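Q: Supplied structure: query_24.tsv, TSV, C-alpha atoms and all ligand atoms.
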```tsv
chain	number	residue	atom	x	y	z
K	443	MET	CA	-186.77	18.08	-17.53
K	444	SER	CA	-189.12	21.04	-18.01
K	445	THR	CA	-192.88	20.62	-18.22
K	446	GLN	CA	-195.79	22.83	-19.25
K	447	ASN	CA	-196.84	23.14	-15.61
K	448	ALA	CA	-195.92	26.28	-13.70
K	449	ALA	CA	-194.28	24.52	-10.75
K	450	PRO	CA	-192.74	21.08	-11.23
K	451	ILE	CA	-194.01	18.48	-8.79
K	452	ARG	CA	-191.27	17.16	-6.52
K	453	ARG	CA	-192.29	13.97	-4.78
K	454	THR	CA	-190.47	11.84	-2.24
K	455	THR	CA	-188.44	9.37	-4.27
K	456	VAL	CA	-187.88	5.65	-3.95
K	457	PRO	CA	-184.17	6.13	-3.02
K	458	GLN	CA	-185.20	8.65	-0.35
K	459	ILE	CA	-187.52	6.07	1.24
K	460	ALA	CA	-184.84	3.37	1.00
K	461	ALA	CA	-182.32	5.70	2.67
K	462	ARG	CA	-184.56	6.07	5.75
K	463	LYS	CA	-183.57	2.60	7.02
K	464	GLY	CA	-182.91	2.91	10.76
K	465	LYS	CA	-183.47	6.69	10.68
K	466	GLU	CA	-186.55	8.91	11.14
K	467	PRO	CA	-189.62	6.64	11.09
K	468	ILE	CA	-191.46	6.52	7.76
K	469	VAL	CA	-195.06	7.79	7.88
K	470	SER	CA	-197.57	6.16	5.57
K	471	LEU	CA	-201.32	5.74	5.12
K	472	THR	CA	-203.53	4.26	2.46
K	473	SER	CA	-205.74	6.47	0.34
K	474	TYR	CA	-208.09	5.66	-2.49
K	475	HIS	CA	-209.36	9.00	-3.74
K	476	ALA	CA	-208.14	12.47	-4.62
K	477	HIS	CA	-209.73	14.37	-1.75
K	478	THR	CA	-208.39	12.35	1.20
K	479	ALA	CA	-205.09	11.86	-0.62
K	480	ALA	CA	-204.60	15.65	-0.75
K	481	ILE	CA	-204.89	15.79	3.05
K	482	VAL	CA	-202.69	12.74	3.69
K	483	ASP	CA	-200.13	14.13	1.22
K	484	LYS	CA	-199.19	16.89	3.69
K	485	TYR	CA	-197.97	14.36	6.28
K	486	ALA	CA	-197.10	11.04	4.65
K	487	ASP	CA	-193.79	10.03	3.08
K	488	PHE	CA	-195.61	7.59	0.85
K	489	ILE	CA	-199.27	6.87	0.18
K	490	LEU	CA	-200.39	3.37	-0.69
K	491	VAL	CA	-203.33	2.82	-3.00
K	492	GLY	CA	-203.92	-0.53	-1.34
K	493	ASP	CA	-206.08	-3.29	-2.72
K	494	SER	CA	-207.81	-3.08	0.68
K	495	LEU	CA	-209.98	-0.63	-1.27
K	496	GLY	CA	-211.93	-3.68	-2.42
K	497	MET	CA	-213.04	-4.30	1.15
K	498	VAL	CA	-213.10	-0.71	2.47
K	499	MET	CA	-214.78	1.00	-0.49
K	500	HIS	CA	-216.47	-1.74	-2.45
K	501	GLY	CA	-217.76	-4.07	0.27
K	502	MET	CA	-215.79	-7.16	-0.79
K	503	GLU	CA	-215.09	-9.87	1.81
K	504	THR	CA	-211.42	-10.17	0.86
K	505	THR	CA	-209.02	-8.45	-1.53
K	506	VAL	CA	-208.97	-11.44	-3.89
K	507	GLY	CA	-211.69	-10.06	-6.17
K	508	VAL	CA	-210.05	-6.69	-6.85
K	509	PRO	CA	-209.45	-6.18	-10.59
K	510	MET	CA	-206.64	-4.24	-12.31
K	511	ASP	CA	-208.96	-1.52	-13.64
K	512	LEU	CA	-210.13	-0.64	-10.10
K	513	MET	CA	-206.51	-0.24	-8.93
K	514	ILE	CA	-205.80	1.95	-11.95
K	515	MET	CA	-208.88	4.12	-11.45
K	516	HIS	CA	-208.13	4.77	-7.75
K	517	GLY	CA	-204.40	5.09	-8.44
K	518	ARG	CA	-205.04	7.86	-10.97
K	519	ALA	CA	-207.25	9.74	-8.51
K	520	VAL	CA	-204.62	9.60	-5.75
K	521	VAL	CA	-201.81	10.72	-8.06
K	522	ARG	CA	-203.97	13.63	-9.27
K	523	GLY	CA	-204.78	14.68	-5.71
K	524	THR	CA	-201.18	14.76	-4.46
K	525	LYS	CA	-197.88	16.46	-5.11
K	526	ARG	CA	-195.44	15.50	-2.32
K	527	ALA	CA	-195.69	11.86	-1.34
K	528	LEU	CA	-194.42	8.88	-3.26
K	529	ILE	CA	-197.49	7.01	-4.55
K	530	VAL	CA	-197.34	3.22	-4.42
K	531	VAL	CA	-200.10	1.17	-6.07
K	532	ASP	CA	-200.89	-2.43	-5.11
K	533	MET	CA	-200.76	-5.13	-7.77
K	534	PRO	CA	-204.03	-7.04	-7.36
K	535	PHE	CA	-204.29	-10.81	-6.90
K	536	GLY	CA	-203.77	-12.64	-10.19
K	537	SER	CA	-201.83	-9.84	-11.87
K	538	TYR	CA	-198.27	-10.93	-11.00
K	539	GLU	CA	-198.00	-14.48	-9.61
K	540	GLU	CA	-198.05	-16.38	-12.91
K	541	SER	CA	-194.65	-15.30	-14.24
K	542	PRO	CA	-192.18	-12.42	-14.19
K	543	ASN	CA	-193.30	-11.48	-17.72
K	544	VAL	CA	-196.96	-11.22	-16.75
K	545	ALA	CA	-195.96	-9.25	-13.65
K	546	PHE	CA	-193.87	-6.86	-15.76
K	547	ARG	CA	-196.70	-6.28	-18.25
K	548	ASN	CA	-199.20	-5.50	-15.48
K	549	ALA	CA	-196.81	-3.44	-13.35
K	550	ALA	CA	-195.87	-1.36	-16.41
K	551	THR	CA	-199.57	-0.84	-17.18
K	552	ILE	CA	-200.21	0.33	-13.60
K	553	MET	CA	-197.27	2.73	-13.72
K	554	LYS	CA	-198.11	4.11	-17.17
K	555	GLU	CA	-201.83	4.49	-16.50
K	556	THR	CA	-201.59	5.97	-13.01
K	557	GLN	CA	-198.18	7.70	-13.10
K	558	CYS	CA	-197.45	6.22	-9.66
K	559	GLY	CA	-193.84	5.89	-8.48
K	560	ALA	CA	-193.80	2.22	-7.42
K	561	VAL	CA	-195.88	-0.93	-7.11
K	562	LYS	CA	-196.38	-3.30	-4.19
K	563	LEU	CA	-196.86	-7.04	-4.38
K	564	GLU	CA	-197.37	-9.76	-1.79
K	565	GLY	CA	-195.07	-12.70	-1.11
K	566	GLY	CA	-191.53	-13.32	0.10
K	567	LYS	CA	-189.11	-15.92	-1.23
K	568	ARG	CA	-191.64	-17.19	-3.78
K	569	MET	CA	-191.80	-13.74	-5.42
K	570	ALA	CA	-188.06	-12.96	-5.30
K	571	LYS	CA	-187.43	-13.88	-8.97
K	572	THR	CA	-190.28	-11.61	-10.06
K	573	ILE	CA	-189.11	-8.73	-7.86
K	574	HIS	CA	-185.63	-9.04	-9.38
K	575	PHE	CA	-187.09	-9.09	-12.92
K	576	LEU	CA	-189.18	-5.96	-12.30
K	577	THR	CA	-186.54	-3.94	-10.47
K	578	GLN	CA	-183.97	-4.70	-13.21
K	579	ARG	CA	-186.43	-3.21	-15.71
K	580	GLY	CA	-187.18	0.10	-14.03
K	581	ILE	CA	-190.11	-0.85	-11.81
K	582	PRO	CA	-189.56	-0.04	-8.14
K	583	VAL	CA	-191.12	-2.73	-5.95
K	584	MET	CA	-192.29	-2.60	-2.36
K	585	ALA	CA	-192.69	-6.16	-1.03
K	586	HIS	CA	-195.27	-7.35	1.51
K	587	ILE	CA	-194.67	-10.29	3.87
K	588	GLY	CA	-196.08	-11.77	7.09
K	589	LEU	CA	-199.86	-11.72	6.90
K	590	THR	CA	-200.50	-11.42	3.17
K	591	PRO	CA	-204.24	-10.73	2.75
K	592	GLN	CA	-204.39	-11.98	-0.86
K	593	SER	CA	-203.52	-15.44	0.56
K	594	SER	CA	-206.14	-15.24	3.31
K	595	HIS	CA	-207.93	-18.31	1.93
K	596	THR	CA	-204.70	-20.32	2.19
K	597	LEU	CA	-203.76	-18.87	5.58
K	598	GLY	CA	-207.26	-19.61	6.95
K	599	GLY	CA	-208.16	-15.95	7.54
K	600	PHE	CA	-206.43	-12.76	8.65
K	601	LYS	CA	-204.28	-14.35	11.35
K	602	THR	CA	-201.29	-12.90	13.21
K	603	GLN	CA	-198.13	-14.58	11.99
K	604	GLY	CA	-195.15	-15.76	14.03
K	605	ARG	CA	-196.92	-16.75	17.24
K	606	ASP	CA	-195.00	-20.01	16.97
K	607	GLU	CA	-191.28	-19.22	17.14
K	608	ASP	CA	-190.53	-22.19	14.87
K	609	SER	CA	-192.08	-20.22	11.99
K	610	TRP	CA	-189.75	-17.22	12.40
K	611	PRO	CA	-186.93	-18.47	10.13
K	612	LEU	CA	-189.37	-18.67	7.18
K	613	HIS	CA	-190.51	-15.07	7.67
K	614	ILE	CA	-186.92	-13.85	8.10
K	615	GLU	CA	-185.92	-15.74	4.94
K	616	ASP	CA	-188.81	-14.04	3.11
K	617	ALA	CA	-187.58	-10.62	4.20
K	618	LYS	CA	-184.00	-11.36	3.16
K	619	ALA	CA	-185.11	-12.78	-0.20
K	620	VAL	CA	-187.15	-9.70	-1.18
K	621	ALA	CA	-184.38	-7.35	-0.04
K	622	GLU	CA	-181.75	-9.27	-2.02
K	623	ALA	CA	-184.08	-9.30	-5.05
K	624	GLY	CA	-184.12	-5.48	-5.07
K	625	ALA	CA	-187.26	-4.42	-3.20
K	626	PHE	CA	-186.74	-0.89	-1.84
K	627	ALA	CA	-188.91	-1.48	1.27
K	628	VAL	CA	-191.05	-4.23	2.72
K	629	VAL	CA	-194.44	-4.10	4.39
K	630	VAL	CA	-194.51	-6.45	7.37
K	631	GLU	CA	-198.10	-7.16	8.29
K	632	GLY	CA	-199.59	-8.84	11.36
K	633	VAL	CA	-196.52	-10.34	13.00
K	634	VAL	CA	-195.61	-10.56	16.69
K	635	GLU	CA	-193.29	-7.85	18.02
K	636	PRO	CA	-190.11	-9.93	18.54
K	637	LEU	CA	-190.38	-11.27	14.98
K	638	ALA	CA	-190.84	-7.74	13.62
K	639	GLN	CA	-187.66	-6.80	15.47
K	640	GLU	CA	-185.74	-9.77	14.02
K	641	ILE	CA	-186.95	-8.98	10.48
K	642	THR	CA	-186.02	-5.30	10.82
K	643	ARG	CA	-182.53	-6.28	12.01
K	644	ALA	CA	-182.11	-8.85	9.24
K	645	VAL	CA	-182.56	-6.54	6.24
K	646	ASP	CA	-181.01	-3.30	5.06
K	647	ILE	CA	-184.25	-1.97	3.54
K	648	PRO	CA	-186.94	-0.20	5.59
K	649	THR	CA	-189.63	-2.37	7.15
K	650	ILE	CA	-193.08	-0.76	7.16
K	651	GLY	CA	-195.23	-2.31	9.86
K	652	ILE	CA	-198.98	-2.74	10.00
K	653	GLY	CA	-200.03	-4.60	13.12
K	654	ALA	CA	-196.34	-5.36	13.59
K	655	SER	CA	-195.39	-3.11	16.54
K	656	ALA	CA	-193.00	-0.16	16.75
K	657	GLN	CA	-190.00	-2.36	15.94
K	658	CYS	CA	-190.29	-1.47	12.25
K	659	ASP	CA	-188.72	1.45	10.34
K	660	GLY	CA	-192.14	2.98	9.69
K	661	GLN	CA	-195.85	2.33	9.91
K	662	ILE	CA	-198.78	2.20	7.53
K	663	LEU	CA	-202.45	2.10	8.50
K	664	VAL	CA	-205.62	1.96	6.45
K	665	LEU	CA	-206.87	5.55	6.57
K	666	GLU	CA	-210.53	4.67	7.11
K	667	ASP	CA	-209.59	2.44	10.07
K	668	MET	CA	-207.64	5.16	11.91
K	669	LEU	CA	-210.36	7.72	11.15
K	670	GLY	CA	-213.03	5.55	12.78
K	671	LEU	CA	-215.15	5.47	9.64
K	672	GLY	CA	-216.53	1.97	10.05
K	673	ASP	CA	-218.09	0.14	13.02
K	674	TRP	CA	-214.99	-1.96	13.40
K	675	ALA	CA	-211.19	-1.66	13.10
K	676	PRO	CA	-208.47	-4.26	13.70
K	677	LYS	CA	-207.33	-4.44	17.34
K	678	PHE	CA	-203.86	-3.06	16.60
K	679	VAL	CA	-205.25	0.19	15.13
K	680	LYS	CA	-205.28	3.31	17.26
K	681	VAL	CA	-208.42	5.15	16.18
K	682	TYR	CA	-207.71	8.89	15.95
K	683	GLY	CA	-211.14	10.12	14.84
K	684	ARG	CA	-214.86	9.35	14.92
K	685	LEU	CA	-215.64	10.09	11.32
K	686	GLY	CA	-218.41	7.51	11.05
K	687	GLU	CA	-220.32	9.22	13.87
K	688	GLU	CA	-219.68	12.68	12.43
K	689	ILE	CA	-220.93	11.68	9.00
K	690	GLU	CA	-224.02	10.10	10.52
K	691	ASN	CA	-224.76	13.20	12.62
K	692	ALA	CA	-224.37	15.45	9.59
K	693	VAL	CA	-226.53	13.25	7.35
K	694	SER	CA	-229.28	12.96	9.95
K	695	ALA	CA	-229.25	16.76	10.57
K	696	TYR	CA	-229.51	17.28	6.81
K	697	ALA	CA	-232.38	14.78	6.53
K	698	ASP	CA	-234.26	16.52	9.38
K	699	GLU	CA	-233.84	19.93	7.70
K	700	VAL	CA	-235.01	18.72	4.32
K	701	LYS	CA	-238.05	17.06	5.93
K	702	SER	CA	-238.92	20.36	7.61
K	703	ARG	CA	-238.47	22.13	4.24
K	704	ALA	CA	-235.43	24.11	5.46
K	705	PHE	CA	-233.62	23.27	2.23
K	706	PRO	CA	-229.92	24.09	2.49
K	707	GLY	CA	-228.87	27.02	0.29
K	708	GLU	CA	-232.45	28.26	-0.19
K	709	ASP	CA	-231.81	31.77	1.12
K	710	HIS	CA	-228.86	32.45	-1.16
K	711	ILE	CA	-230.06	30.91	-4.37
K	712	TYR	CA	-233.79	31.41	-4.62
K	713	LYS	CA	-234.38	34.84	-3.06
T	1	LIG	O1	-204.07	-3.09	0.75
T	1	LIG	C1	-203.59	-2.46	1.71
T	1	LIG	O2	-204.16	-1.48	2.20
T	1	LIG	C2	-202.31	-2.92	2.24
T	1	LIG	C3	-201.91	-2.34	3.56
T	1	LIG	C4	-202.74	-2.93	4.60
T	1	LIG	C5	-200.46	-2.52	3.81
T	1	LIG	O3	-201.67	-3.71	1.67
```
Please rewrite the model in this file as C-alpha cells.
A:
Amino acid sequence: MSTQNAAPIRRTTVPQIAARKGKEPIVSLTSYHAHTAAIVDKYADFILVGDSLGMVMHGMETTVGVPMDLMIMHGRAVVRGTKRALIVVDMPFGSYEESPNVAFRNAATIMKETQCGAVKLEGGKRMAKTIHFLTQRGIPVMAHIGLTPQSSHTLGGFKTQGRDEDSWPLHIEDAKAVAEAGAFAVVVEGVVEPLAQEITRAVDIPTIGIGASAQCDGQILVLEDMLGLGDWAPKFVKVYGRLGEEIENAVSAYADEVKSRAFPGEDHIYK
C-alpha cells in the first residue's frame, strides 16, 4: 500500500522472527525512548518496550505499578525513532489477566496508539486461552515464561527458576502451551541452562533468553543494564559500557565550567 512518505518503512516482521527458530540467533534489546531506539534499531531484530521501564526509568521497585498510558507513551517514542526492527510493547500488569476480552481491548489500544507490531504478556499455560484469542484476532503475541517479573510478589522476588529439576515439567508445559496457543516467540527469563535447553528443544517457536544461557534461539537484555548506566546490573548481564561513569564525568565537567563562568556556547552566541 502506498503512503505519503517518500520511502516506505520496511520493518522485520513477526513471521520473519518466527522463521528464525534454530537459525541465526535473534538479537534484541529493550528501549524506552526515540534516541536510544534509533541506535539499537541498526542492530536489533526486535526492540522490546519492556515494562521494566517502570523500574529503570521511573524508579519503581517492581513492574507491578506500570500503567497502560506509560507503555503507550514510551511505545510511541520507540516506534517514531525506528524504521527497521519489529517493535514489541509489553502489556502491563492488570491489563490482560482478567479475561481474553479485556486483554483484546487493551492489546488493540496498545497497537493502535503506538503502531507497534506485537505485544508481549507474561504467563504460560494460564495465559494460553488469551494468547489464542488475541492471535486469532490479528494481534501477534510474544509470550514470557520462567521468571515473570509481574508475579515477583507471588514468586517471592526475582529468583532463578528451575533450580529444582522437579519443577522443569511445569516450565516445559508452559512453553508448549503458549506455542500451541499461537505465540510467535517466547521470552524465557531467569532459568537454569539445562532447562533453557529443554524448553528450546520442546517448542517450534524461537526462545528469547534473558538470564537463560546461550541455549536459546536469541537473547534480550535491558539496554541500560548492558550499557552500565546504573550502579548495579543482574549477575547474568555482560556489561559492555560504562555509561553511568561517562555521564557523571560529563556532568561534573559541565558543573565545574559553569561555576568558573566558562559558559558553554558563549563564544559562538554572544560575541
Ligand atoms: O520488561 C522487560 O524489559 C522485559 C525483558 C526483561 C524481557 O520483559
Q: Could you list, as number ranges by chain, all residues that come within 9 Å of ligand LIG 1 (chain T)? Count all atoms listed in the file.
A: K: 471-473, 490-496, 498, 505, 531-532, 562-564, 586, 590-591, 629-631, 650-652, 662-665
Q: Only C-alpha atoms, please: the residues just picked out, written as a compact mmCIF listing (two decimals), in the frame of the given file.
A:
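The result, stored in result-v1.txt:
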```txt
# COMPACT_ATOMS: atom_id res chain seq x y z
CA LEU K 471 -201.32 5.74 5.12
CA THR K 472 -203.53 4.26 2.46
CA SER K 473 -205.74 6.47 0.34
CA LEU K 490 -200.39 3.37 -0.69
CA VAL K 491 -203.33 2.82 -3.00
CA GLY K 492 -203.92 -0.53 -1.34
CA ASP K 493 -206.08 -3.29 -2.72
CA SER K 494 -207.81 -3.08 0.68
CA LEU K 495 -209.98 -0.63 -1.27
CA GLY K 496 -211.93 -3.68 -2.42
CA VAL K 498 -213.10 -0.71 2.47
CA THR K 505 -209.02 -8.45 -1.53
CA VAL K 531 -200.10 1.17 -6.07
CA ASP K 532 -200.89 -2.43 -5.11
CA LYS K 562 -196.38 -3.30 -4.19
CA LEU K 563 -196.86 -7.04 -4.38
CA GLU K 564 -197.37 -9.76 -1.79
CA HIS K 586 -195.27 -7.35 1.51
CA THR K 590 -200.50 -11.42 3.17
CA PRO K 591 -204.24 -10.73 2.75
CA VAL K 629 -194.44 -4.10 4.39
CA VAL K 630 -194.51 -6.45 7.37
CA GLU K 631 -198.10 -7.16 8.29
CA ILE K 650 -193.08 -0.76 7.16
CA GLY K 651 -195.23 -2.31 9.86
CA ILE K 652 -198.98 -2.74 10.00
CA ILE K 662 -198.78 2.20 7.53
CA LEU K 663 -202.45 2.10 8.50
CA VAL K 664 -205.62 1.96 6.45
CA LEU K 665 -206.87 5.55 6.57
```
Q: Please work out which residues fall within 8 Å of (-207.7, 6.2, 17.0), coordinates as given in the file, with all atoms listed in the file counting, and return them as JSON, numbers by chain.
A: {"K": [668, 669, 670, 679, 680, 681, 682, 683]}
Q: Check the smallest atom-to-atom distance from each of K:Cys658, K:Ile647, K:Ala695, K:Val620 to Gly632 in chain K using only C-alpha atoms, then report the winner.
A: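 Going through K:Cys658, K:Ile647, K:Ala695, K:Val620 one by one, the smallest distance to Gly632 in chain K is for K:Cys658.
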Q: So, with all atoms listed in the file as the atoms that count, which of K:Arg453, K:Lys601, K:His613, K:Lys463 lies closest to Gly660 in chain K?
A: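 Selected residue with least distance to Gly660 in chain K: K:Lys463.
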Q: For Ala623 in chain K, which residue among K:Ser470, K:Gln458, K:Gln557, K:Thr572 is the nearest when counting all atoms listed in the file?
A: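 Going through K:Ser470, K:Gln458, K:Gln557, K:Thr572 one by one, the smallest distance to Ala623 in chain K is for K:Thr572.
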Q: Out of K:Arg579, K:Gly653, K:Thr455, K:His500, which residue has the shortest atom-to-atom distance to Phe488 in chain K when counting all atoms listed in the file?
A: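 Once distances to Phe488 in chain K are computed over all atoms listed in the file, the minimum belongs to K:Thr455.
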Q: Taking the point (-187.9, -20.1, 1.2) as given in the file, collect each protein or nucleic acid residue that comes within 8 Å of it, counting all atoms listed in the file, and present the set as a list in words.
A: Gly566, Lys567, Arg568, Leu612, Glu615, Asp616 and Ala619 of chain K
Q: Counting only C-alpha atoms, what is within 8 Å of range 509-520 of chain K, bar same-chain residues fewer than 6 positions away, as a JSON list (two decimals) with C-alpha atoms, in the coordinates of the input?
A:
```
[["chain", "number", "residue", "atom", "x", "y", "z"],
["K", 473, "SER", "CA", -205.74, 6.47, 0.34],
["K", 474, "TYR", "CA", -208.09, 5.66, -2.49],
["K", 475, "HIS", "CA", -209.36, 9.00, -3.74],
["K", 476, "ALA", "CA", -208.14, 12.47, -4.62],
["K", 479, "ALA", "CA", -205.09, 11.86, -0.62],
["K", 480, "ALA", "CA", -204.60, 15.65, -0.75],
["K", 491, "VAL", "CA", -203.33, 2.82, -3.00],
["K", 493, "ASP", "CA", -206.08, -3.29, -2.72],
["K", 529, "ILE", "CA", -197.49, 7.01, -4.55],
["K", 531, "VAL", "CA", -200.10, 1.17, -6.07],
["K", 532, "ASP", "CA", -200.89, -2.43, -5.11],
["K", 533, "MET", "CA", -200.76, -5.13, -7.77],
["K", 534, "PRO", "CA", -204.03, -7.04, -7.36],
["K", 535, "PHE", "CA", -204.29, -10.81, -6.90],
["K", 537, "SER", "CA", -201.83, -9.84, -11.87],
["K", 552, "ILE", "CA", -200.21, 0.33, -13.60],
["K", 555, "GLU", "CA", -201.83, 4.49, -16.50],
["K", 556, "THR", "CA", -201.59, 5.97, -13.01],
["K", 557, "GLN", "CA", -198.18, 7.70, -13.10],
["K", 558, "CYS", "CA", -197.45, 6.22, -9.66]]
```
Q: Got a minute to add all heavy atoms to range 522-531 of chain K and dump it as a CSV table (one decimal), in the coordinates of the input?
A:
```
chain,number,residue,atom,x,y,z
K,522,ARG,N,-203.5,12.3,-8.9
K,522,ARG,CA,-204.0,13.6,-9.3
K,522,ARG,C,-204.1,14.5,-8.0
K,522,ARG,O,-203.9,15.7,-8.1
K,522,ARG,CB,-205.3,13.5,-9.9
K,522,ARG,CG,-205.3,13.1,-11.4
K,522,ARG,CD,-206.7,13.3,-12.0
K,522,ARG,NE,-206.9,12.4,-13.0
K,522,ARG,CZ,-207.8,11.4,-13.0
K,522,ARG,NH1,-208.6,11.3,-11.9
K,522,ARG,NH2,-208.0,10.6,-14.0
K,523,GLY,N,-204.5,13.9,-6.9
K,523,GLY,CA,-204.8,14.7,-5.7
K,523,GLY,C,-203.6,15.0,-4.9
K,523,GLY,O,-203.7,15.7,-3.9
K,524,THR,N,-202.4,14.6,-5.3
K,524,THR,CA,-201.2,14.8,-4.5
K,524,THR,C,-200.0,15.4,-5.2
K,524,THR,O,-200.0,15.4,-6.5
K,524,THR,CB,-200.7,13.4,-4.0
K,524,THR,OG1,-200.5,12.5,-5.1
K,524,THR,CG2,-201.7,12.7,-3.0
K,525,LYS,N,-199.1,15.9,-4.4
K,525,LYS,CA,-197.9,16.5,-5.1
K,525,LYS,C,-196.6,16.2,-4.3
K,525,LYS,O,-195.5,16.6,-4.8
K,525,LYS,CB,-198.1,17.9,-5.4
K,525,LYS,CG,-198.6,18.8,-4.3
K,525,LYS,CD,-198.8,20.2,-4.8
K,525,LYS,CE,-199.1,21.2,-3.7
K,525,LYS,NZ,-200.4,21.6,-3.6
K,526,ARG,N,-196.6,15.7,-3.1
K,526,ARG,CA,-195.4,15.5,-2.3
K,526,ARG,C,-195.0,14.0,-2.2
K,526,ARG,O,-193.9,13.7,-2.3
K,526,ARG,CB,-195.8,16.0,-0.9
K,526,ARG,CG,-195.4,17.3,-0.5
K,526,ARG,CD,-195.6,17.5,1.0
K,526,ARG,NE,-194.5,16.8,1.8
K,526,ARG,CZ,-194.7,15.7,2.5
K,526,ARG,NH1,-195.8,15.1,2.5
K,526,ARG,NH2,-193.6,15.2,3.1
K,527,ALA,N,-196.0,13.2,-1.7
K,527,ALA,CA,-195.7,11.9,-1.3
K,527,ALA,C,-195.4,11.0,-2.5
K,527,ALA,O,-195.9,11.2,-3.6
K,527,ALA,CB,-196.9,11.3,-0.6
K,528,LEU,N,-194.6,10.0,-2.3
K,528,LEU,CA,-194.4,8.9,-3.3
K,528,LEU,C,-195.7,8.1,-3.3
K,528,LEU,O,-196.3,7.8,-2.2
K,528,LEU,CB,-193.3,8.0,-2.8
K,528,LEU,CG,-193.1,6.7,-3.6
K,528,LEU,CD1,-192.5,6.9,-5.0
K,528,LEU,CD2,-192.2,5.7,-2.9
K,529,ILE,N,-196.2,7.8,-4.5
K,529,ILE,CA,-197.5,7.0,-4.6
K,529,ILE,C,-197.1,5.6,-5.0
K,529,ILE,O,-196.5,5.4,-6.0
K,529,ILE,CB,-198.5,7.6,-5.6
K,529,ILE,CG1,-198.7,9.1,-5.3
K,529,ILE,CG2,-199.8,6.8,-5.5
K,529,ILE,CD1,-199.3,9.4,-3.9
K,530,VAL,N,-197.6,4.6,-4.2
K,530,VAL,CA,-197.3,3.2,-4.4
K,530,VAL,C,-198.7,2.6,-4.7
K,530,VAL,O,-199.6,2.8,-3.9
K,530,VAL,CB,-196.7,2.5,-3.2
K,530,VAL,CG1,-196.4,1.1,-3.5
K,530,VAL,CG2,-195.4,3.3,-2.8
K,531,VAL,N,-198.8,1.8,-5.8
K,531,VAL,CA,-200.1,1.2,-6.1
K,531,VAL,C,-199.9,-0.4,-5.9
K,531,VAL,O,-199.0,-0.9,-6.4
K,531,VAL,CB,-200.6,1.6,-7.5
K,531,VAL,CG1,-201.9,0.8,-7.9
K,531,VAL,CG2,-200.8,3.1,-7.6
```
